[in-house]
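The block underneath contains the structure these notes are about, expressed in structure tokens.
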Amino acid sequence: MLTQEQRPPESPWLTILRLLRWDKPAGRLILMVPALWAVFLAAAGKPPLPLVGVIILGSLVTSAAGCVINDLWDRNIDPQVARTRDRPLASRALSIQVGIVIALVAMSCAGVLALYLNPFTFWLCVAAIPVIVFYPSAKRVFPVPQLVLSLAWGFAVLISWSAVTTSLEPATWLLWGATVLWTLGFDTVYAMPDREDDQKIGVNSSALFFGDYAPLAVVIFFAGAATCLVRLGFVMQLQVGFWIALSIASVVWVWQYIRLRQPEIPRTVYGEIFRQNVGIGFVLLAGMIAGALF
């Protein structure tokens with residue numbers, strides 16, 4: 001295997017794509033999913049296609065900006081963590097100045113897209129900015145930083161829903177609660193393989209906070225998300241397609257909990273479970289669309 005010094009030089013554009021994490025679509029899609037949940041449910045399964053396009057592009061550039069901001073905060077921490085040491089800012093493949101410029105460009109693109117939205121939704125986009133910018137610092141001062149990330153994810157629901165209705169309704173908050181709890185669950189799983197490195201560095205994570213009870217916490221978060229979705233299904237009078245999708249998601253969440261309880265877990269399992277939640281999100285999206293239309 002070639003060492004980093006022996007590898008051929010990487011194209012600067014490929015390095016920038018890695019900084020934006022566009023080489024790892026799972027993390028981009030898992031933010032897009034709750035935004036799509038909200039826009040389709042708020043529009044009873046038939047949102048305007050231009051709005052769907054804005055939501056998709058907005059989630060892509062916002063998550064990209066969030067990744068760059070995260071890497072700027074963590075440029076001196078990431079080299080000490082096996083999973084993150086090759087990130088462009090951590091490895092010094094890109095300079096801080098380049099990272100700042102790319103973050104500003106991504107946020108500017110998100111801002112231009114936000115101009116398409118109604119004034120109330122636009123200001124919700126503005127309100128999300130501090131959460132996105134300061135989330136990476138939460139791991140230094142807050143014992144469960146994944147909660148801050150979950151609140152950032154929750155803005156995807158509030159923004160997309162209000163983009164359709166120009167307001168927030170009781171059903172919106174049920175979907176918001178499901179999204180926050182779901183995010184807490186899958187991001188705790190994502191943090192579990194980094195526990196030793198995080199403890200050594202002295203940063204916080206929900207996986208460290210819950211310790212041996214992390215698998216139990218994950219399944220409680222998933223159960224809470226399912227409970228919110230059950231209530232949402234009744235409030236919105238969603239039909240059979242939604243209930244089939246929610247049943248599939250619930251079975252997979254239980255299976256994931258069983259896997260997490262195994263005494264010896266390869267590090268790759270945590271990544272698999274994270275990616276499976278992307279699939280779960282799209283299964284639920286299909287169920288929501290079917291449940292709203294038929």
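Labels for the structure tokens follow display order: chains A, B, ..., residues from 1 in each chain, ligands from 1.
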
What's around segment 215-232 of chain A at 10 Å? Count only C-alpha atoms, leave out sequence neighbours fewer than 2 positions away in its own chain, and write the answer as a ChimeraX atom specification. /A:170-189,192,206-207,210-213,234-238,242-243,246-247,249-250,253-262,284

Proximity of segment 57-105 of chain A to segment 156-166 of chain A: per-residue shortest pair, 12 Å limit, only C-alpha atoms, as JSON lines:
{"residue": "A:Gly58", "atom": "CA", "partner": "A:Ala156", "partner_atom": "CA", "distance": 9.6}
{"residue": "A:Ser59", "atom": "CA", "partner": "A:Ala156", "partner_atom": "CA", "distance": 7.8}
{"residue": "A:Leu60", "atom": "CA", "partner": "A:Ala156", "partner_atom": "CA", "distance": 11.5}
{"residue": "A:Thr62", "atom": "CA", "partner": "A:Ala156", "partner_atom": "CA", "distance": 10.0}
{"residue": "A:Ser63", "atom": "CA", "partner": "A:Ala156", "partner_atom": "CA", "distance": 10.6}

Expected file contents, prior selection, N, CA and C atoms, as a short mmCIF file (atom, residue, chain, number, x, y, z; two decimals), in the first residue's frame:
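Output saved as result.cif:
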data_model
loop_
_atom_site.label_atom_id
_atom_site.label_comp_id
_atom_site.auth_asym_id
_atom_site.auth_seq_id
_atom_site.Cartn_x
_atom_site.Cartn_y
_atom_site.Cartn_z
N GLY A 58 -30.33 23.58 -2.04
CA GLY A 58 -30.04 24.26 -0.77
C GLY A 58 -29.46 23.32 0.27
N SER A 59 -29.98 22.10 0.34
CA SER A 59 -29.44 21.15 1.31
C SER A 59 -28.02 20.74 0.95
N LEU A 60 -27.74 20.64 -0.35
CA LEU A 60 -26.39 20.27 -0.79
C LEU A 60 -25.37 21.34 -0.45
N THR A 62 -25.71 23.84 1.72
CA THR A 62 -25.66 24.11 3.16
C THR A 62 -24.85 23.05 3.88
N SER A 63 -25.06 21.77 3.52
CA SER A 63 -24.28 20.72 4.18
C SER A 63 -22.81 20.84 3.81
#

Can you pull out the residues contacting segment 90-107 of chain A? Cut-off 6 Å, using only C-alpha atoms, and skip same-chain residues under 6 positions away; I want them as JSON, numbers by chain. {"A": [61, 65, 68, 75, 78, 79]}

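Within the 8 Å cut-off around Leu31 of chain A, using only C-alpha atoms and omitting residues fewer than 2 positions from it on the same chain, the listed residues are Gly27, Arg28, Leu29, Val33, Pro34, Ala35, Ser59, Ser63, Trp153 and Ala156 of chain A.
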
DSSP-assigned helix (DSSP H, G or I) members of segment 75-188 of chain A, reported as a VMD selection string: chain A and resid 78 to 80 96 to 114 119 to 141 145 to 165 170 to 188

Next, dump the selected residues to file, keeping only C-alpha atoms, as a PDB file, in the first residue's frame.
ATOM      1  CA  ASP A  78      -8.782  16.104  13.086  1.00  0.00           C
ATOM      2  CA  PRO A  79      -5.112  15.049  12.631  1.00  0.00           C
ATOM      3  CA  GLN A  80      -5.370  13.215  15.967  1.00  0.00           C
ATOM      4  CA  ILE A  96      -7.148  28.060   6.084  1.00  0.00           C
ATOM      5  CA  GLN A  97      -7.635  30.975   3.692  1.00  0.00           C
ATOM      6  CA  VAL A  98      -8.868  28.664   0.928  1.00  0.00           C
ATOM      7  CA  GLY A  99     -11.203  26.954   3.388  1.00  0.00           C
ATOM      8  CA  ILE A 100     -12.705  30.288   4.457  1.00  0.00           C
ATOM      9  CA  VAL A 101     -13.242  31.363   0.841  1.00  0.00           C
ATOM     10  CA  ILE A 102     -14.942  28.060  -0.032  1.00  0.00           C
ATOM     11  CA  ALA A 103     -17.188  28.299   3.048  1.00  0.00           C
ATOM     12  CA  LEU A 104     -18.201  31.849   2.092  1.00  0.00           C
ATOM     13  CA  VAL A 105     -18.937  30.803  -1.498  1.00  0.00           C
ATOM     14  CA  ALA A 106     -21.091  27.886  -0.315  1.00  0.00           C
ATOM     15  CA  MET A 107     -22.991  30.082   2.162  1.00  0.00           C
ATOM     16  CA  SER A 108     -23.477  32.727  -0.539  1.00  0.00           C
ATOM     17  CA  CYS A 109     -24.953  30.097  -2.870  1.00  0.00           C
ATOM     18  CA  ALA A 110     -27.322  29.032  -0.089  1.00  0.00           C
ATOM     19  CA  GLY A 111     -28.241  32.682   0.441  1.00  0.00           C
ATOM     20  CA  VAL A 112     -29.087  33.176  -3.229  1.00  0.00           C
ATOM     21  CA  LEU A 113     -31.324  30.090  -3.158  1.00  0.00           C
ATOM     22  CA  ALA A 114     -33.005  31.390   0.011  1.00  0.00           C
ATOM     23  CA  PRO A 119     -39.859  36.156   3.813  1.00  0.00           C
ATOM     24  CA  PHE A 120     -40.725  34.021   6.864  1.00  0.00           C
ATOM     25  CA  THR A 121     -38.755  31.074   5.496  1.00  0.00           C
ATOM     26  CA  PHE A 122     -35.867  33.346   4.502  1.00  0.00           C
ATOM     27  CA  TRP A 123     -35.495  34.519   8.100  1.00  0.00           C
ATOM     28  CA  LEU A 124     -35.610  30.925   9.307  1.00  0.00           C
ATOM     29  CA  CYS A 125     -32.625  30.323   6.998  1.00  0.00           C
ATOM     30  CA  VAL A 126     -30.862  33.270   8.631  1.00  0.00           C
ATOM     31  CA  ALA A 127     -31.671  31.891  12.103  1.00  0.00           C
ATOM     32  CA  ALA A 128     -30.038  28.585  11.171  1.00  0.00           C
ATOM     33  CA  ILE A 129     -26.679  30.204  10.385  1.00  0.00           C
ATOM     34  CA  PRO A 130     -25.413  30.585  13.998  1.00  0.00           C
ATOM     35  CA  VAL A 131     -26.273  26.940  14.722  1.00  0.00           C
ATOM     36  CA  ILE A 132     -24.347  25.800  11.638  1.00  0.00           C
ATOM     37  CA  VAL A 133     -21.358  28.042  12.379  1.00  0.00           C
ATOM     38  CA  PHE A 134     -21.012  27.286  16.077  1.00  0.00           C
ATOM     39  CA  TYR A 135     -22.003  23.600  16.137  1.00  0.00           C
ATOM     40  CA  PRO A 136     -18.383  22.397  15.750  1.00  0.00           C
ATOM     41  CA  SER A 137     -17.394  24.310  18.893  1.00  0.00           C
ATOM     42  CA  ALA A 138     -20.063  22.505  20.922  1.00  0.00           C
ATOM     43  CA  LYS A 139     -17.888  19.398  21.328  1.00  0.00           C
ATOM     44  CA  ARG A 140     -15.471  21.514  23.369  1.00  0.00           C
ATOM     45  CA  VAL A 141     -17.988  22.795  25.933  1.00  0.00           C
ATOM     46  CA  PRO A 145     -22.794  18.081  20.961  1.00  0.00           C
ATOM     47  CA  GLN A 146     -24.841  15.775  18.729  1.00  0.00           C
ATOM     48  CA  LEU A 147     -27.908  17.539  20.137  1.00  0.00           C
ATOM     49  CA  VAL A 148     -26.693  20.808  18.599  1.00  0.00           C
ATOM     50  CA  LEU A 149     -26.236  19.047  15.253  1.00  0.00           C
ATOM     51  CA  SER A 150     -29.735  17.601  15.599  1.00  0.00           C
ATOM     52  CA  LEU A 151     -31.176  21.086  16.109  1.00  0.00           C
ATOM     53  CA  ALA A 152     -29.348  22.196  12.955  1.00  0.00           C
ATOM     54  CA  TRP A 153     -30.924  19.233  11.131  1.00  0.00           C
ATOM     55  CA  GLY A 154     -34.302  20.290  12.523  1.00  0.00           C
ATOM     56  CA  PHE A 155     -34.061  23.593  10.672  1.00  0.00           C
ATOM     57  CA  ALA A 156     -34.303  21.597   7.431  1.00  0.00           C
ATOM     58  CA  VAL A 157     -37.852  20.656   8.452  1.00  0.00           C
ATOM     59  CA  LEU A 158     -38.878  24.144   9.568  1.00  0.00           C
ATOM     60  CA  ILE A 159     -37.454  25.807   6.454  1.00  0.00           C
ATOM     61  CA  SER A 160     -38.909  23.326   3.958  1.00  0.00           C
ATOM     62  CA  TRP A 161     -42.337  23.145   5.580  1.00  0.00           C
ATOM     63  CA  SER A 162     -42.751  26.910   5.837  1.00  0.00           C
ATOM     64  CA  ALA A 163     -41.543  27.268   2.231  1.00  0.00           C
ATOM     65  CA  VAL A 164     -44.818  25.583   1.256  1.00  0.00           C
ATOM     66  CA  THR A 165     -47.251  26.950   3.850  1.00  0.00           C
ATOM     67  CA  PRO A 170     -48.565  21.365  14.975  1.00  0.00           C
ATOM     68  CA  ALA A 171     -47.702  18.666  12.424  1.00  0.00           C
ATOM     69  CA  THR A 172     -44.497  20.551  11.611  1.00  0.00           C
ATOM     70  CA  TRP A 173     -43.275  20.165  15.169  1.00  0.00           C
ATOM     71  CA  LEU A 174     -44.029  16.445  15.198  1.00  0.00           C
ATOM     72  CA  LEU A 175     -41.855  16.032  12.104  1.00  0.00           C
ATOM     73  CA  TRP A 176     -39.233  18.316  13.671  1.00  0.00           C
ATOM     74  CA  GLY A 177     -39.199  16.154  16.820  1.00  0.00           C
ATOM     75  CA  ALA A 178     -38.850  12.984  14.750  1.00  0.00           C
ATOM     76  CA  THR A 179     -35.956  14.522  12.820  1.00  0.00           C
ATOM     77  CA  VAL A 180     -34.110  15.720  15.923  1.00  0.00           C
ATOM     78  CA  LEU A 181     -34.428  12.330  17.648  1.00  0.00           C
ATOM     79  CA  TRP A 182     -33.520  10.378  14.504  1.00  0.00           C
ATOM     80  CA  THR A 183     -30.439  12.566  14.032  1.00  0.00           C
ATOM     81  CA  LEU A 184     -29.427  12.080  17.668  1.00  0.00           C
ATOM     82  CA  GLY A 185     -29.637   8.341  17.089  1.00  0.00           C
ATOM     83  CA  PHE A 186     -27.649   7.989  13.882  1.00  0.00           C
ATOM     84  CA  ASP A 187     -25.066  10.621  14.833  1.00  0.00           C
ATOM     85  CA  THR A 188     -24.425   8.885  18.153  1.00  0.00           C
TER      86      THR A 188
END

Using only C-alpha atoms for the distances, tell me which of A:Pro50, A:Pro9, A:Arg85, A:Asn70 is nearest to Tyr116 of chain A. A:Pro50

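Using only C-alpha atoms, the shortest contact distance between Gly233 of chain A and any of A:Ala245, A:Val203, A:Leu49, A:Leu208 is found at A:Ala245.
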
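Distances to Leu14 of chain A were evaluated for A:Gly291, A:Gly45, A:Pro88, A:Ala26 using only C-alpha atoms, and the minimum falls at A:Pro88.
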